[in-house]
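Visitor: Questions regarding the structure given below will be posed in turn.
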Amino acid sequence: MTPRPDSPRRWWHPHRPHDGSAAGPGTADAPGAHEPAPPEEAAPSGISVRPLAPDGASPERTGSWRAGLSLEQLRRSSGAGPDQEGRPAALSVRTLRLMTLILAVALAYYGAGRLGLLRQVVVEGATVTPLWLPSGVAVAALFAFGPRIAPGIALGMLAVTSSISPVSGYSVLTAVGNTLAPLASWYLLRLVGFRPSLERLRDGLALVFLGALGGMTVSAAVGTGTLLATDKLLSANAWPVWAAWWAGDALGVLVVVPVLVVLFRPRLPRDALGWAELLGLFAVTAALTWVAIYSPLDLLFLVFPLLIWAALRFELTGSAPAALIVSVLAVTAATNQQGPFAGRAMGEIMVNLQAFNVSVALTGLLLSSLVTERRHVRERIEDACQELAEVVDTLAPGASGRRPRGAEGTGPEEGEGRGSTGAGWGAG
């Protein structure tokens, strides 16, 4: 093996010619010249071989071969050498990036929290939000950046609570609960192989039952337990407060996560007609929802055909924003006790509101996931048929019935070929 010009000299190199002739003058007494030097490639794990003198003897007086680390490997293992200068800089860059991500997540959580606080209701003496948007922001951030940004969730929640009341033990415990809940959702979804793209029906089901309904029980339990421990809530009223807290956090996951997926991975229309249809769909959804809510008749069921249309035509790109529009308008009417929510007790309003919003989110999310999954299956089948037709044409030209490009005229053979199984769609 020819040593590199910058590699360190090794004691065992006998300087023999490559043709196997005797060594040149002055090399008869070279250390280890009386026995062949083991090739460097034979050393395990990239360790070079050089003689090490036993019992303190000089290496020139021994011919034994023992394994030793090269100078470059010693530098890597000890941290010395040129690499050591670049490590602190790289570490500081990574730390700076992590701190920036944590701060960005905290700001996003705080902004979503301030929006959520615009609509609050009082249930059995406890103030809750029927649509807590930050829970969806937290779950999406965990899937985008990993659990290392969890401190940003806690900082964002502390900032939200400190904007309405002084920081106390209650706010700290609430921040802990609102951080553990998205982490629980993230862990449960990771266990079942969840894909944030929501392109499979199983991903939609996992987000609904594990990410939203399952993980958010943690924040509701911690928040309600903190209220009980601080004597701000009677034990007889704990269940309604827990249900309202849990439903608000779960709905935030169901509504916000699909919208964020659409924003970061959009599947937009390709022509002006498609854009007009999509924007018209959103406008009609908002107008019809407003009419259905404030009409003296109970017409809220009219929004479901629009959600089905959005899912079938535009998949998640249409269904997620449409579900968000319907949920926001319903929450606004419920907090103002207007429309179908007028003249009812707050507990009854929350039950009706959350049942309606969850039904809206489930309809849009699951149907769009199902349509997307079917589309991917169809595309894979078409690709397989195309490849099969190309293979058949290669083995027996014309047997698949595919019309060669540039061929003129049609005949009965072409028509029969196109009617055969798996060949018609691939004709050029």
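Residue numbers start at 1 in each chain; chains themselves are named A, B, ... in the order of the structure tokens; ligands are numbered from 1 in the order shown.
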Which parts of range 117-228 of chain A does DSSP call alpha helix (DSSP H) when run on the backbone here, written out as an mmCIF file with N, CA, C and O atoms, in the first residue's frame?

Guide:
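File written: out29.cif
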```cif
data_model
loop_
_atom_site.group_PDB
_atom_site.id
_atom_site.type_symbol
_atom_site.label_atom_id
_atom_site.label_comp_id
_atom_site.auth_asym_id
_atom_site.auth_seq_id
_atom_site.Cartn_x
_atom_site.Cartn_y
_atom_site.Cartn_z
ATOM 1 N N LEU A 133 -56.264 26.678 20.313
ATOM 2 C CA LEU A 133 -55.418 26.524 19.133
ATOM 3 C C LEU A 133 -53.975 26.108 19.452
ATOM 4 O O LEU A 133 -53.369 25.367 18.674
ATOM 5 N N PRO A 134 -53.364 26.555 20.562
ATOM 6 C CA PRO A 134 -51.968 26.188 20.809
ATOM 7 C C PRO A 134 -51.708 24.689 20.928
ATOM 8 O O PRO A 134 -50.579 24.243 20.694
ATOM 9 N N SER A 135 -52.703 23.890 21.297
ATOM 10 C CA SER A 135 -52.463 22.449 21.393
ATOM 11 C C SER A 135 -52.103 21.864 20.027
ATOM 12 O O SER A 135 -51.209 21.023 19.909
ATOM 13 N N GLY A 136 -52.775 22.325 18.974
ATOM 14 C CA GLY A 136 -52.411 21.870 17.637
ATOM 15 C C GLY A 136 -51.056 22.379 17.203
ATOM 16 O O GLY A 136 -50.288 21.661 16.539
ATOM 17 N N VAL A 137 -50.731 23.628 17.561
ATOM 18 C CA VAL A 137 -49.409 24.171 17.234
ATOM 19 C C VAL A 137 -48.314 23.347 17.911
ATOM 20 O O VAL A 137 -47.270 23.054 17.313
ATOM 21 N N ALA A 138 -48.529 22.953 19.157
ATOM 22 C CA ALA A 138 -47.522 22.188 19.900
ATOM 23 C C ALA A 138 -47.297 20.809 19.280
ATOM 24 O O ALA A 138 -46.155 20.365 19.109
ATOM 25 N N VAL A 139 -48.371 20.104 18.943
ATOM 26 C CA VAL A 139 -48.229 18.774 18.343
ATOM 27 C C VAL A 139 -47.514 18.859 16.996
ATOM 28 O O VAL A 139 -46.621 18.057 16.683
ATOM 29 N N ALA A 140 -47.886 19.843 16.182
ATOM 30 C CA ALA A 140 -47.225 20.003 14.884
ATOM 31 C C ALA A 140 -45.747 20.350 15.058
ATOM 32 O O ALA A 140 -44.895 19.851 14.312
ATOM 33 N N ALA A 141 -45.413 21.194 16.034
ATOM 34 C CA ALA A 141 -44.017 21.559 16.261
ATOM 35 C C ALA A 141 -43.193 20.361 16.724
ATOM 36 O O ALA A 141 -42.029 20.210 16.340
ATOM 37 N N LEU A 142 -43.777 19.502 17.538
ATOM 38 C CA LEU A 142 -43.053 18.311 17.992
ATOM 39 C C LEU A 142 -42.744 17.382 16.826
ATOM 40 O O LEU A 142 -41.654 16.777 16.772
ATOM 41 N N PHE A 143 -43.658 17.238 15.885
ATOM 42 C CA PHE A 143 -43.382 16.391 14.733
ATOM 43 C C PHE A 143 -42.417 17.056 13.759
ATOM 44 O O PHE A 143 -41.717 16.367 13.016
ATOM 45 N N ALA A 144 -42.372 18.376 13.749
ATOM 46 C CA ALA A 144 -41.463 19.069 12.841
ATOM 47 C C ALA A 144 -40.040 19.116 13.384
ATOM 48 O O ALA A 144 -39.082 18.958 12.623
ATOM 49 N N PHE A 145 -39.863 19.307 14.694
ATOM 50 C CA PHE A 145 -38.536 19.541 15.259
ATOM 51 C C PHE A 145 -38.148 18.554 16.347
ATOM 52 O O PHE A 145 -37.022 18.596 16.828
ATOM 53 N N ALA A 150 -39.621 21.105 23.406
ATOM 54 C CA ALA A 150 -40.635 21.117 24.465
ATOM 55 C C ALA A 150 -40.502 22.318 25.403
ATOM 56 O O ALA A 150 -41.528 22.865 25.850
ATOM 57 N N PRO A 151 -39.279 22.791 25.732
ATOM 58 C CA PRO A 151 -39.224 24.006 26.563
ATOM 59 C C PRO A 151 -39.912 25.204 25.932
ATOM 60 O O PRO A 151 -40.427 26.070 26.638
ATOM 61 N N GLY A 152 -39.952 25.276 24.596
ATOM 62 C CA GLY A 152 -40.652 26.371 23.944
ATOM 63 C C GLY A 152 -42.142 26.332 24.206
ATOM 64 O O GLY A 152 -42.790 27.386 24.331
ATOM 65 N N ILE A 153 -42.717 25.122 24.301
ATOM 66 C CA ILE A 153 -44.146 24.997 24.620
ATOM 67 C C ILE A 153 -44.414 25.516 26.029
ATOM 68 O O ILE A 153 -45.378 26.256 26.260
ATOM 69 N N ALA A 154 -43.564 25.111 26.970
ATOM 70 C CA ALA A 154 -43.750 25.572 28.346
ATOM 71 C C ALA A 154 -43.584 27.086 28.455
ATOM 72 O O ALA A 154 -44.362 27.765 29.143
ATOM 73 N N LEU A 155 -42.568 27.641 27.768
ATOM 74 C CA LEU A 155 -42.372 29.091 27.809
ATOM 75 C C LEU A 155 -43.561 29.821 27.191
ATOM 76 O O LEU A 155 -44.003 30.866 27.694
ATOM 77 N N GLY A 156 -44.082 29.290 26.083
ATOM 78 C CA GLY A 156 -45.232 29.925 25.461
ATOM 79 C C GLY A 156 -46.454 29.913 26.360
ATOM 80 O O GLY A 156 -47.191 30.916 26.447
ATOM 81 N N MET A 157 -46.688 28.792 27.042
ATOM 82 C CA MET A 157 -47.835 28.715 27.944
ATOM 83 C C MET A 157 -47.663 29.652 29.131
ATOM 84 O O MET A 157 -48.624 30.307 29.574
ATOM 85 N N LEU A 158 -46.450 29.743 29.666
ATOM 86 C CA LEU A 158 -46.209 30.687 30.760
ATOM 87 C C LEU A 158 -46.437 32.125 30.303
ATOM 88 O O LEU A 158 -46.972 32.947 31.054
ATOM 89 N N ALA A 159 -46.038 32.431 29.080
ATOM 90 C CA ALA A 159 -46.261 33.782 28.561
ATOM 91 C C ALA A 159 -47.748 34.073 28.409
ATOM 92 O O ALA A 159 -48.206 35.188 28.683
ATOM 93 N N VAL A 160 -48.521 33.066 27.978
ATOM 94 C CA VAL A 160 -49.962 33.271 27.821
ATOM 95 C C VAL A 160 -50.621 33.518 29.175
ATOM 96 O O VAL A 160 -51.419 34.454 29.345
ATOM 97 N N THR A 161 -50.311 32.685 30.164
ATOM 98 C CA THR A 161 -50.926 32.849 31.485
ATOM 99 C C THR A 161 -50.476 34.126 32.173
ATOM 100 O O THR A 161 -51.270 34.771 32.887
ATOM 101 N N SER A 162 -49.209 34.512 31.962
ATOM 102 C CA SER A 162 -48.726 35.742 32.598
ATOM 103 C C SER A 162 -49.354 36.983 31.978
ATOM 104 O O SER A 162 -49.331 38.054 32.586
ATOM 105 N N GLY A 169 -47.898 29.395 41.185
ATOM 106 C CA GLY A 169 -47.753 27.955 41.108
ATOM 107 C C GLY A 169 -48.793 27.306 40.208
ATOM 108 O O GLY A 169 -48.523 26.321 39.520
ATOM 109 N N TYR A 170 -49.984 27.892 40.178
ATOM 110 C CA TYR A 170 -51.034 27.363 39.311
ATOM 111 C C TYR A 170 -50.652 27.487 37.843
ATOM 112 O O TYR A 170 -50.833 26.554 37.059
ATOM 113 N N SER A 171 -50.100 28.643 37.456
ATOM 114 C CA SER A 171 -49.707 28.828 36.061
ATOM 115 C C SER A 171 -48.553 27.919 35.673
ATOM 116 O O SER A 171 -48.494 27.424 34.545
ATOM 117 N N VAL A 172 -47.645 27.676 36.618
ATOM 118 C CA VAL A 172 -46.521 26.776 36.316
ATOM 119 C C VAL A 172 -47.024 25.350 36.113
ATOM 120 O O VAL A 172 -46.623 24.654 35.160
ATOM 121 N N LEU A 173 -47.919 24.890 36.987
ATOM 122 C CA LEU A 173 -48.465 23.547 36.824
ATOM 123 C C LEU A 173 -49.292 23.423 35.542
ATOM 124 O O LEU A 173 -49.260 22.393 34.865
ATOM 125 N N THR A 174 -50.008 24.470 35.212
ATOM 126 C CA THR A 174 -50.766 24.447 33.964
ATOM 127 C C THR A 174 -49.837 24.366 32.762
ATOM 128 O O THR A 174 -50.107 23.650 31.784
ATOM 129 N N ALA A 175 -48.720 25.091 32.814
ATOM 130 C CA ALA A 175 -47.742 25.025 31.730
ATOM 131 C C ALA A 175 -47.140 23.629 31.621
ATOM 132 O O ALA A 175 -46.907 23.120 30.516
ATOM 133 N N VAL A 176 -46.899 22.996 32.762
ATOM 134 C CA VAL A 176 -46.375 21.625 32.736
ATOM 135 C C VAL A 176 -47.386 20.674 32.095
ATOM 136 O O VAL A 176 -47.032 19.831 31.253
ATOM 137 N N GLY A 177 -48.654 20.805 32.478
ATOM 138 C CA GLY A 177 -49.673 19.940 31.892
ATOM 139 C C GLY A 177 -49.839 20.167 30.401
ATOM 140 O O GLY A 177 -49.976 19.207 29.622
ATOM 141 N N ASN A 178 -49.810 21.428 29.963
ATOM 142 C CA ASN A 178 -49.954 21.725 28.546
ATOM 143 C C ASN A 178 -48.708 21.358 27.751
ATOM 144 O O ASN A 178 -48.753 21.333 26.521
ATOM 145 N N THR A 179 -47.597 21.103 28.408
ATOM 146 C CA THR A 179 -46.407 20.593 27.726
ATOM 147 C C THR A 179 -46.414 19.069 27.673
ATOM 148 O O THR A 179 -46.041 18.467 26.654
ATOM 149 N N LEU A 180 -46.844 18.440 28.744
ATOM 150 C CA LEU A 180 -46.881 16.975 28.768
ATOM 151 C C LEU A 180 -47.931 16.411 27.815
ATOM 152 O O LEU A 180 -47.737 15.330 27.247
ATOM 153 N N ALA A 181 -49.043 17.112 27.632
ATOM 154 C CA ALA A 181 -50.100 16.599 26.757
ATOM 155 C C ALA A 181 -49.640 16.466 25.307
ATOM 156 O O ALA A 181 -49.809 15.404 24.694
ATOM 157 N N PRO A 182 -49.036 17.493 24.676
ATOM 158 C CA PRO A 182 -48.519 17.290 23.320
ATOM 159 C C PRO A 182 -47.423 16.239 23.242
ATOM 160 O O PRO A 182 -47.335 15.509 22.249
ATOM 161 N N LEU A 183 -46.592 16.151 24.285
ATOM 162 C CA LEU A 183 -45.575 15.111 24.291
ATOM 163 C C LEU A 183 -46.210 13.723 24.322
ATOM 164 O O LEU A 183 -45.732 12.795 23.650
ATOM 165 N N ALA A 184 -47.279 13.563 25.101
ATOM 166 C CA ALA A 184 -47.987 12.277 25.127
ATOM 167 C C ALA A 184 -48.604 11.974 23.767
ATOM 168 O O ALA A 184 -48.533 10.838 23.278
ATOM 169 N N SER A 185 -49.190 12.980 23.126
ATOM 170 C CA SER A 185 -49.757 12.779 21.795
ATOM 171 C C SER A 185 -48.672 12.400 20.797
ATOM 172 O O SER A 185 -48.850 11.491 19.972
ATOM 173 N N TRP A 186 -47.546 13.101 20.846
ATOM 174 C CA TRP A 186 -46.425 12.799 19.943
ATOM 175 C C TRP A 186 -45.925 11.375 20.148
ATOM 176 O O TRP A 186 -45.679 10.645 19.168
ATOM 177 N N TYR A 187 -45.800 10.957 21.391
ATOM 178 C CA TYR A 187 -45.300 9.605 21.668
ATOM 179 C C TYR A 187 -46.298 8.541 21.196
ATOM 180 O O TYR A 187 -45.907 7.537 20.577
ATOM 181 N N LEU A 188 -47.575 8.730 21.475
ATOM 182 C CA LEU A 188 -48.582 7.761 21.042
ATOM 183 C C LEU A 188 -48.645 7.658 19.524
ATOM 184 O O LEU A 188 -48.767 6.556 18.959
ATOM 185 N N LEU A 189 -48.548 8.791 18.845
ATOM 186 C CA LEU A 189 -48.584 8.766 17.389
ATOM 187 C C LEU A 189 -47.337 8.116 16.810
ATOM 188 O O LEU A 189 -47.404 7.415 15.788
ATOM 189 N N ARG A 190 -46.193 8.337 17.439
ATOM 190 C CA ARG A 190 -44.974 7.685 16.964
ATOM 191 C C ARG A 190 -45.048 6.172 17.125
ATOM 192 O O ARG A 190 -44.498 5.417 16.318
ATOM 193 N N LEU A 191 -45.730 5.712 18.157
ATOM 194 C CA LEU A 191 -45.838 4.269 18.381
ATOM 195 C C LEU A 191 -46.579 3.569 17.246
ATOM 196 O O LEU A 191 -46.283 2.407 16.928
ATOM 197 N N LEU A 201 -55.652 6.769 5.652
ATOM 198 C CA LEU A 201 -56.794 6.758 6.561
ATOM 199 C C LEU A 201 -56.352 6.447 7.983
ATOM 200 O O LEU A 201 -56.873 7.030 8.950
ATOM 201 N N ARG A 202 -55.389 5.564 8.136
ATOM 202 C CA ARG A 202 -54.907 5.223 9.478
ATOM 203 C C ARG A 202 -54.253 6.424 10.160
ATOM 204 O O ARG A 202 -54.299 6.546 11.392
ATOM 205 N N ASP A 203 -53.650 7.333 9.379
ATOM 206 C CA ASP A 203 -53.076 8.539 9.972
ATOM 207 C C ASP A 203 -54.174 9.463 10.499
ATOM 208 O O ASP A 203 -54.035 10.052 11.570
ATOM 209 N N GLY A 204 -55.270 9.589 9.739
ATOM 210 C CA GLY A 204 -56.382 10.397 10.225
ATOM 211 C C GLY A 204 -57.003 9.829 11.478
ATOM 212 O O GLY A 204 -57.315 10.559 12.421
ATOM 213 N N LEU A 205 -57.184 8.516 11.496
ATOM 214 C CA LEU A 205 -57.752 7.885 12.687
ATOM 215 C C LEU A 205 -56.818 8.030 13.888
ATOM 216 O O LEU A 205 -57.269 8.275 15.019
ATOM 217 N N ALA A 206 -55.510 7.880 13.652
ATOM 218 C CA ALA A 206 -54.558 8.018 14.752
ATOM 219 C C ALA A 206 -54.557 9.434 15.311
ATOM 220 O O ALA A 206 -54.496 9.642 16.529
ATOM 221 N N THR A 217 -56.024 14.299 27.195
ATOM 222 C CA THR A 217 -56.541 14.002 28.534
ATOM 223 C C THR A 217 -55.536 14.403 29.618
ATOM 224 O O THR A 217 -55.928 14.673 30.756
ATOM 225 N N VAL A 218 -54.265 14.461 29.246
ATOM 226 C CA VAL A 218 -53.239 14.819 30.242
ATOM 227 C C VAL A 218 -53.392 16.267 30.676
ATOM 228 O O VAL A 218 -53.394 16.576 31.877
ATOM 229 N N SER A 219 -53.502 17.179 29.715
ATOM 230 C CA SER A 219 -53.629 18.596 30.077
ATOM 231 C C SER A 219 -54.924 18.858 30.839
ATOM 232 O O SER A 219 -54.942 19.652 31.799
ATOM 233 N N ALA A 220 -56.006 18.194 30.435
ATOM 234 C CA ALA A 220 -57.270 18.383 31.158
ATOM 235 C C ALA A 220 -57.167 17.860 32.583
ATOM 236 O O ALA A 220 -57.671 18.489 33.528
ATOM 237 N N ALA A 221 -56.510 16.719 32.756
ATOM 238 C CA ALA A 221 -56.372 16.157 34.097
ATOM 239 C C ALA A 221 -55.491 17.034 34.983
ATOM 240 O O ALA A 221 -55.826 17.293 36.154
ATOM 241 N N VAL A 222 -54.364 17.512 34.443
ATOM 242 C CA VAL A 222 -53.473 18.360 35.240
ATOM 243 C C VAL A 222 -54.147 19.684 35.570
ATOM 244 O O VAL A 222 -54.076 20.177 36.709
ATOM 245 N N GLY A 223 -54.825 20.303 34.589
ATOM 246 C CA GLY A 223 -55.491 21.576 34.851
ATOM 247 C C GLY A 223 -56.608 21.460 35.862
ATOM 248 O O GLY A 223 -56.705 22.263 36.801
ATOM 249 N N THR A 224 -57.453 20.446 35.708
ATOM 250 C CA THR A 224 -58.551 20.262 36.659
ATOM 251 C C THR A 224 -58.029 19.891 38.043
ATOM 252 O O THR A 224 -58.528 20.377 39.073
ATOM 253 N N GLY A 225 -57.010 19.026 38.077
ATOM 254 C CA GLY A 225 -56.424 18.661 39.372
ATOM 255 C C GLY A 225 -55.800 19.851 40.071
ATOM 256 O O GLY A 225 -55.892 19.968 41.316
ATOM 257 N N THR A 226 -55.181 20.753 39.310
ATOM 258 C CA THR A 226 -54.593 21.952 39.919
ATOM 259 C C THR A 226 -55.683 22.851 40.491
ATOM 260 O O THR A 226 -55.526 23.434 41.580
ATOM 261 N N LEU A 227 -56.792 22.984 39.774
ATOM 262 C CA LEU A 227 -57.906 23.784 40.300
ATOM 263 C C LEU A 227 -58.465 23.182 41.584
ATOM 264 O O LEU A 227 -58.801 23.900 42.529
ATOM 265 N N LEU A 228 -58.564 21.863 41.638
ATOM 266 C CA LEU A 228 -59.045 21.214 42.858
ATOM 267 C C LEU A 228 -58.055 21.389 44.004
ATOM 268 O O LEU A 228 -58.449 21.624 45.153
#
```

Visitor: Would you work out the distance separating CA of Ala247 in chain A from CA of Leu198 in chain A, expressed in Å to one decimal?

Guide: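 Calculated distance between CA of Ala247 in chain A and CA of Leu198 in chain A is 21.6 Å.
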
Visitor: Figure out the distance between CA of Val284 in chain A and CA of Ala310 in chain A, please, to one decimal in Å.

Guide: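 It comes out at 11.1 Å.
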
Visitor: Would you work out the distance separating CA of Phe282 in chain A from CA of Ala322 in chain A, expressed in Å to one decimal?

Guide: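 We find that CA of Phe282 in chain A and CA of Ala322 in chain A lie 6.1 Å from each other.
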
Visitor: So that I can check the surroundings of Met216 in chain A, please list as number ranges by chain every protein, DNA and RNA residue that reaches within 7 Å of it, counting only C-alpha atoms and ignoring chain neighbours fewer than 6 positions away.

Guide: A: 181, 246, 249-250

Visitor: Output N, CA and C atoms of each residue in that selection to a file, as a compact mmCIF listing (two decimals), in the first residue's frame.

Guide:
```txt
# COMPACT_ATOMS: atom_id res chain seq x y z
N ALA A 181 -49.04 17.11 27.63
CA ALA A 181 -50.10 16.60 26.76
C ALA A 181 -49.64 16.47 25.31
N TRP A 246 -60.82 19.28 28.16
CA TRP A 246 -60.36 18.23 27.26
C TRP A 246 -60.88 18.44 25.84
N ASP A 249 -58.97 21.40 24.08
CA ASP A 249 -57.62 21.04 23.65
C ASP A 249 -57.65 20.04 22.50
N ALA A 250 -58.54 19.06 22.56
CA ALA A 250 -58.62 18.06 21.50
C ALA A 250 -59.06 18.70 20.18
```

Visitor: Which residues are close to Ala126 in chain A, i.e. within 9 Å by only C-alpha atoms, leaving aside same-chain residues fewer than 6 positions away? Reply as a list in words.

Guide: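 Residues meeting the cut-off are Leu227, Lys232, Leu233 and Val241 of chain A.
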
Visitor: List as a PyMOL selection string the protein and nucleic acid residues near Ala323 in chain A, meaning an atom at most 7 Å away when only C-alpha atoms are counted, but skip any in the same chain fewer than 2 places from it.

Guide: chain A and resi 255+319-321+325-327+360-361+364

Visitor: Using only C-alpha atoms, which residue out of A:Gly111, A:Gly125, A:Pro130, A:Pro196 lies closest to Ala334 in chain A?

Guide: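 With only C-alpha atoms as the atom set, the closest residue is A:Pro130.
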
Visitor: Of the candidates A:Thr317, A:Pro258, A:Val331, A:Ala342, which one gets nearest to Pro296 in chain A if we count only C-alpha atoms?

Guide: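 Result for the nearest residue to Pro296 in chain A: A:Ala342.
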
Visitor: I'd like the neighbourhood of Thr100 in chain A as a PyMOL selection string, where a residue qualifies if any of its atoms comes within 10 Å (using only C-alpha atoms), though same-chain residues fewer than 6 positions away should be ignored.

Guide: chain A and resi 94+106+149+152

Visitor: Would you save the residues of that selection, restricted to N, CA and C atoms, as an mmCIF file, in the first residue's frame?

Guide:
```cif
data_model
loop_
_atom_site.group_PDB
_atom_site.id
_atom_site.type_symbol
_atom_site.label_atom_id
_atom_site.label_comp_id
_atom_site.auth_asym_id
_atom_site.auth_seq_id
_atom_site.Cartn_x
_atom_site.Cartn_y
_atom_site.Cartn_z
ATOM 1 N N ARG A 94 -25.013 24.831 16.754
ATOM 2 C CA ARG A 94 -26.147 23.958 17.050
ATOM 3 C C ARG A 94 -26.958 24.477 18.228
ATOM 4 N N ALA A 106 -42.125 29.087 21.069
ATOM 5 C CA ALA A 106 -42.761 29.828 22.158
ATOM 6 C C ALA A 106 -43.575 31.007 21.621
ATOM 7 N N ILE A 149 -37.805 20.726 21.445
ATOM 8 C CA ILE A 149 -38.401 22.068 21.511
ATOM 9 C C ILE A 149 -39.495 22.132 22.569
ATOM 10 N N GLY A 152 -39.952 25.276 24.596
ATOM 11 C CA GLY A 152 -40.652 26.371 23.944
ATOM 12 C C GLY A 152 -42.142 26.332 24.206
#
```
